[in-house]
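Here's the structure, in C-alpha cells; my notes come after.
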Amino acid sequence: MSDFVFYFKLGLYHVLDLNAYDHMLFLTALAIPFSFKDWKKVFILVSIFTIAHCVSLALSASNIIRVNTDLIEFIIPLTILATAISNIYFEYRPGLDSKKYLLGVSTMIFGFVHGFGFSNYFNMIIAGEVEFTKALLSFATGIELAQLLIILFVLSLSYLSVSGLNIKQSTKTIFISTAIGLMTLPMLLKSWPF
C-alpha cells in the first residue's frame with residue numbers, strides 16, 4: 001500500500017471512527033442549522049476547519065508549538081458544546097448580522113484545537129518513516145472527504161426531517177443541538193483536567 005493511501009485512510013477513519021465520535025458530534029453541530037440549499041457555506045466551513053486542523057497538527061507534530069494534551073482533551077468537547085449552544089442562541093436571534101463571521105472564526109479556532117488533539121498520535125504513526133508533508137497532505141485529504149460525507153449525511157437527514165416530516169428548521173436545530181450538548185457533558189467530565 002502506498003504512503004498516500006495509508007495516510008488518506010488514516011485521515012478518513014480518524015473522522016469516521018465511532019469510538020471517537022467527538023469529531024462527528026462537532027460536524028453535526030456545525031451543519032445542523034443549515035439546509036441543503038446552504039451546502040456551499042457548510043463546505044466552506046468544513047474546509048476552514050480542515051485547514052486549521054492541519055496547520056495546528058503540523059505545528060504541534062513538528063514541535064514548533066507544544067500544548068498541554070490534557071487541557072486540549074478537555075477543550076475539544078468544550079468546542080462541541082459551544083457550537084451547540086451557539087446554534088440555540090442564534091435560533092432565538094435570527095437577524096444577527098455577525099453570525100456568519102462568528103461561525104467562521106469559531107470554526108477556525110475549533111479546527112486548531114482539534115488538530116492539537118491529534119498531533120501526538122500522528123507523530124507516533126509517522127515516526128520519521130515518510131516525508132512529513134506528504135503524510136500530512138494525504139491525511140488532510142482523508143479528513144476532508146470524511147467530513148464532507150458526514151456533512152452530506154447530516155444535510156440529507158435535515159432535509160428529510162424538514163421536508164418529509166414537516167419539522168420546523170428552528171425546532172430541528174434546537175432539538176439536535178440540545179441533544180449534542182447533553183452528549184458532550186460526559187466527555188467534559190471525563191476529560192476534566194483540574
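Residues are referred to by chain and number: the chain letter is A, B, ... according to the order shown in the C-alpha cells, the number counts from 1 in that chain, and ligands are numbered separately from 1 in the order shown.
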
message = Which of segment 2-192 of chain A end up as helix (DSSP H, G or I) when DSSP is run on this backbone - answer as a PyMOL selection string?
response = chain A and resi 3-16+18-20+22-31+36-61+69-92+99-126+132-164+169-190

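Compared by their closest atoms to Phe122 of chain A, and using only C-alpha atoms, the residues A:Ser156, A:Ser60, A:Asn87, A:Thr178 rank with A:Ser60 nearest.
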
Surrounding residues of Phe6 of chain A excluding itself and chain neighbours under 5 positions, 12 Å, only C-alpha atoms, as a list in words =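 So, after excluding close chain neighbours, the residues are Met1, Gly11, Leu12, Tyr13, Ile125, Ile126, Val130, Lys134, Ala135, Leu136, Leu137, Ser138, Phe139, Ala140, Thr141 and Gly142 of chain A.
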
ask   = In terms of the shortest atom-to-atom distance over only C-alpha atoms, which of A:Ser86, A:Asn123, A:Gln147, A:Ser161 is closest to Thr28 of chain A?
value =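 Result for the nearest residue to Thr28 of chain A: A:Gln147.
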
query = Nearest to Leu189 of chain A among A:Leu78, A:Val5, A:Ala61, A:Ile72, with distances taken over only C-alpha atoms: which residue is it?
reply = A:Leu78

ask   = If we count only C-alpha atoms, what is near Val55 of chain A at a cut-off of 10 Å, once residues fewer than 2 positions away on the same chain are taken out, given as a list in words?
value =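 Counting only the stated atoms, we get Phe49, Thr50, Ile51, Ala52, His53, Leu57, Ala58, Leu59, Ser60, Ala61, Gly111, Phe112, Gly115, Phe116 and Leu136 of chain A.
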
Output of the above residues as a PDB file, in the first residue's frame, restricted to N, CA, C and O atoms:
```pdb
ATOM      1  N   PHE A  49     -12.210  24.443   8.782  1.00  0.00           N
ATOM      2  CA  PHE A  49     -11.898  23.551   9.896  1.00  0.00           C
ATOM      3  C   PHE A  49     -10.716  22.644   9.538  1.00  0.00           C
ATOM      4  O   PHE A  49      -9.780  22.495  10.324  1.00  0.00           O
ATOM      5  N   THR A  50     -10.750  22.047   8.347  1.00  0.00           N
ATOM      6  CA  THR A  50      -9.683  21.130   7.916  1.00  0.00           C
ATOM      7  C   THR A  50      -8.341  21.841   7.823  1.00  0.00           C
ATOM      8  O   THR A  50      -7.321  21.319   8.279  1.00  0.00           O
ATOM      9  N   ILE A  51      -8.334  23.022   7.228  1.00  0.00           N
ATOM     10  CA  ILE A  51      -7.080  23.774   7.091  1.00  0.00           C
ATOM     11  C   ILE A  51      -6.508  24.108   8.462  1.00  0.00           C
ATOM     12  O   ILE A  51      -5.325  23.890   8.728  1.00  0.00           O
ATOM     13  N   ALA A  52      -7.360  24.615   9.357  1.00  0.00           N
ATOM     14  CA  ALA A  52      -6.895  24.950  10.710  1.00  0.00           C
ATOM     15  C   ALA A  52      -6.421  23.694  11.439  1.00  0.00           C
ATOM     16  O   ALA A  52      -5.396  23.712  12.136  1.00  0.00           O
ATOM     17  N   HIS A  53      -7.142  22.601  11.280  1.00  0.00           N
ATOM     18  CA  HIS A  53      -6.799  21.315  11.892  1.00  0.00           C
ATOM     19  C   HIS A  53      -5.402  20.880  11.439  1.00  0.00           C
ATOM     20  O   HIS A  53      -4.560  20.483  12.248  1.00  0.00           O
ATOM     21  N   LEU A  57      -1.970  20.720  13.610  1.00  0.00           N
ATOM     22  CA  LEU A  57      -1.362  19.391  13.641  1.00  0.00           C
ATOM     23  C   LEU A  57       0.099  19.471  13.207  1.00  0.00           C
ATOM     24  O   LEU A  57       0.984  18.908  13.851  1.00  0.00           O
ATOM     25  N   ALA A  58       0.369  20.201  12.129  1.00  0.00           N
ATOM     26  CA  ALA A  58       1.744  20.349  11.634  1.00  0.00           C
ATOM     27  C   ALA A  58       2.619  21.087  12.634  1.00  0.00           C
ATOM     28  O   ALA A  58       3.756  20.685  12.897  1.00  0.00           O
ATOM     29  N   LEU A  59       2.085  22.171  13.221  1.00  0.00           N
ATOM     30  CA  LEU A  59       2.868  22.951  14.186  1.00  0.00           C
ATOM     31  C   LEU A  59       3.196  22.142  15.431  1.00  0.00           C
ATOM     32  O   LEU A  59       4.313  22.201  15.953  1.00  0.00           O
ATOM     33  N   SER A  60       2.236  21.366  15.890  1.00  0.00           N
ATOM     34  CA  SER A  60       2.446  20.576  17.093  1.00  0.00           C
ATOM     35  C   SER A  60       3.285  19.327  16.815  1.00  0.00           C
ATOM     36  O   SER A  60       4.195  19.010  17.580  1.00  0.00           O
ATOM     37  N   ALA A  61       2.994  18.634  15.721  1.00  0.00           N
ATOM     38  CA  ALA A  61       3.725  17.403  15.403  1.00  0.00           C
ATOM     39  C   ALA A  61       5.188  17.676  15.079  1.00  0.00           C
ATOM     40  O   ALA A  61       6.046  16.831  15.310  1.00  0.00           O
ATOM     41  N   GLY A 111     -10.945  24.178  14.793  1.00  0.00           N
ATOM     42  CA  GLY A 111     -10.080  23.346  13.958  1.00  0.00           C
ATOM     43  C   GLY A 111      -8.675  23.275  14.521  1.00  0.00           C
ATOM     44  O   GLY A 111      -8.061  22.209  14.560  1.00  0.00           O
ATOM     45  N   PHE A 112      -8.158  24.437  14.981  1.00  0.00           N
ATOM     46  CA  PHE A 112      -6.837  24.458  15.617  1.00  0.00           C
ATOM     47  C   PHE A 112      -6.807  23.544  16.831  1.00  0.00           C
ATOM     48  O   PHE A 112      -5.887  22.745  17.006  1.00  0.00           O
ATOM     49  N   GLY A 115      -6.885  19.835  15.885  1.00  0.00           N
ATOM     50  CA  GLY A 115      -5.598  19.423  15.320  1.00  0.00           C
ATOM     51  C   GLY A 115      -4.552  19.164  16.396  1.00  0.00           C
ATOM     52  O   GLY A 115      -3.802  18.191  16.324  1.00  0.00           O
ATOM     53  N   PHE A 116      -4.515  20.038  17.399  1.00  0.00           N
ATOM     54  CA  PHE A 116      -3.586  19.832  18.509  1.00  0.00           C
ATOM     55  C   PHE A 116      -3.896  18.525  19.236  1.00  0.00           C
ATOM     56  O   PHE A 116      -2.995  17.833  19.700  1.00  0.00           O
ATOM     57  N   LEU A 136       1.065  14.475   5.822  1.00  0.00           N
ATOM     58  CA  LEU A 136       0.074  15.442   6.290  1.00  0.00           C
ATOM     59  C   LEU A 136      -0.967  15.739   5.220  1.00  0.00           C
ATOM     60  O   LEU A 136      -2.170  15.772   5.504  1.00  0.00           O
TER      61      LEU A 136
END
```

task = Tell me, in Å to one decimal, how far atom CA of Leu45 of chain A is from atom CA of Pro193 of chain A.
result =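 Taking atom CA of Leu45 of chain A and atom CA of Pro193 of chain A, their separation equals 29.2 Å.
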
key: Distance of atom CA of Ile48 of chain A from atom CA of Met108 of chain A, expressed in Å to one decimal place   = 5.8 Å

Could you name the residues that touch segment 29-44 of chain A at 9 Å or less, counting only C-alpha atoms, but leaving out those on the same chain fewer than 2 positions away, as a CSV table (one decimal) with C-alpha atoms, in the first residue's frame?
```csv
chain,number,residue,atom,x,y,z
A,24,MET,CA,-18.8,13.6,14.2
A,25,LEU,CA,-20.6,15.5,17.0
A,26,PHE,CA,-18.8,18.7,16.1
A,27,LEU,CA,-19.5,18.3,12.4
A,46,VAL,CA,-15.6,22.4,6.8
A,47,SER,CA,-12.7,23.4,4.7
A,48,ILE,CA,-11.8,26.2,7.1
A,49,PHE,CA,-11.9,23.6,9.9
A,80,ILE,CA,-18.7,20.9,20.6
A,81,LEU,CA,-20.8,22.3,23.5
A,83,THR,CA,-21.1,25.2,18.9
A,84,ALA,CA,-24.4,23.5,20.1
A,87,ASN,CA,-26.9,27.1,17.5
A,91,GLU,CA,-32.2,30.4,16.6
A,103,LEU,CA,-19.2,31.0,12.8
A,104,GLY,CA,-16.2,31.2,10.5
A,107,THR,CA,-14.8,27.0,13.2
A,147,GLN,CA,-16.0,15.4,6.8
A,148,LEU,CA,-17.8,16.1,3.6
A,151,ILE,CA,-21.9,16.9,6.3
A,152,LEU,CA,-23.8,15.4,3.3
A,154,VAL,CA,-26.4,15.5,8.1
A,155,LEU,CA,-27.8,17.8,5.4
A,156,SER,CA,-29.8,14.8,3.9
A,158,SER,CA,-32.0,17.6,7.9
A,159,TYR,CA,-33.8,17.9,4.5
A,162,VAL,CA,-37.9,19.4,7.5
A,169,GLN,CA,-35.9,24.2,10.8
A,170,SER,CA,-35.6,26.0,14.1
A,172,LYS,CA,-34.9,20.7,14.5
A,173,THR,CA,-31.8,22.8,15.2
A,174,ILE,CA,-32.7,23.4,18.8
A,176,ILE,CA,-30.4,18.3,17.8
A,177,SER,CA,-28.2,21.0,19.3
A,180,ILE,CA,-25.4,17.1,21.2
A,181,GLY,CA,-24.8,19.4,24.2
```

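Each of A:His23, A:Lys168, A:Lys190, A:Arg93 was checked against Val113 of chain A using only C-alpha atoms; the smallest atom-to-atom distance is that of A:His23.
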
message = If I take atom CA of Glu73 of chain A and atom CA of Ser191 of chain A, how far is one from the other in Å, to one decimal?
response =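 So the two atoms, atom CA of Glu73 of chain A and atom CA of Ser191 of chain A, lie 6.1 Å apart.
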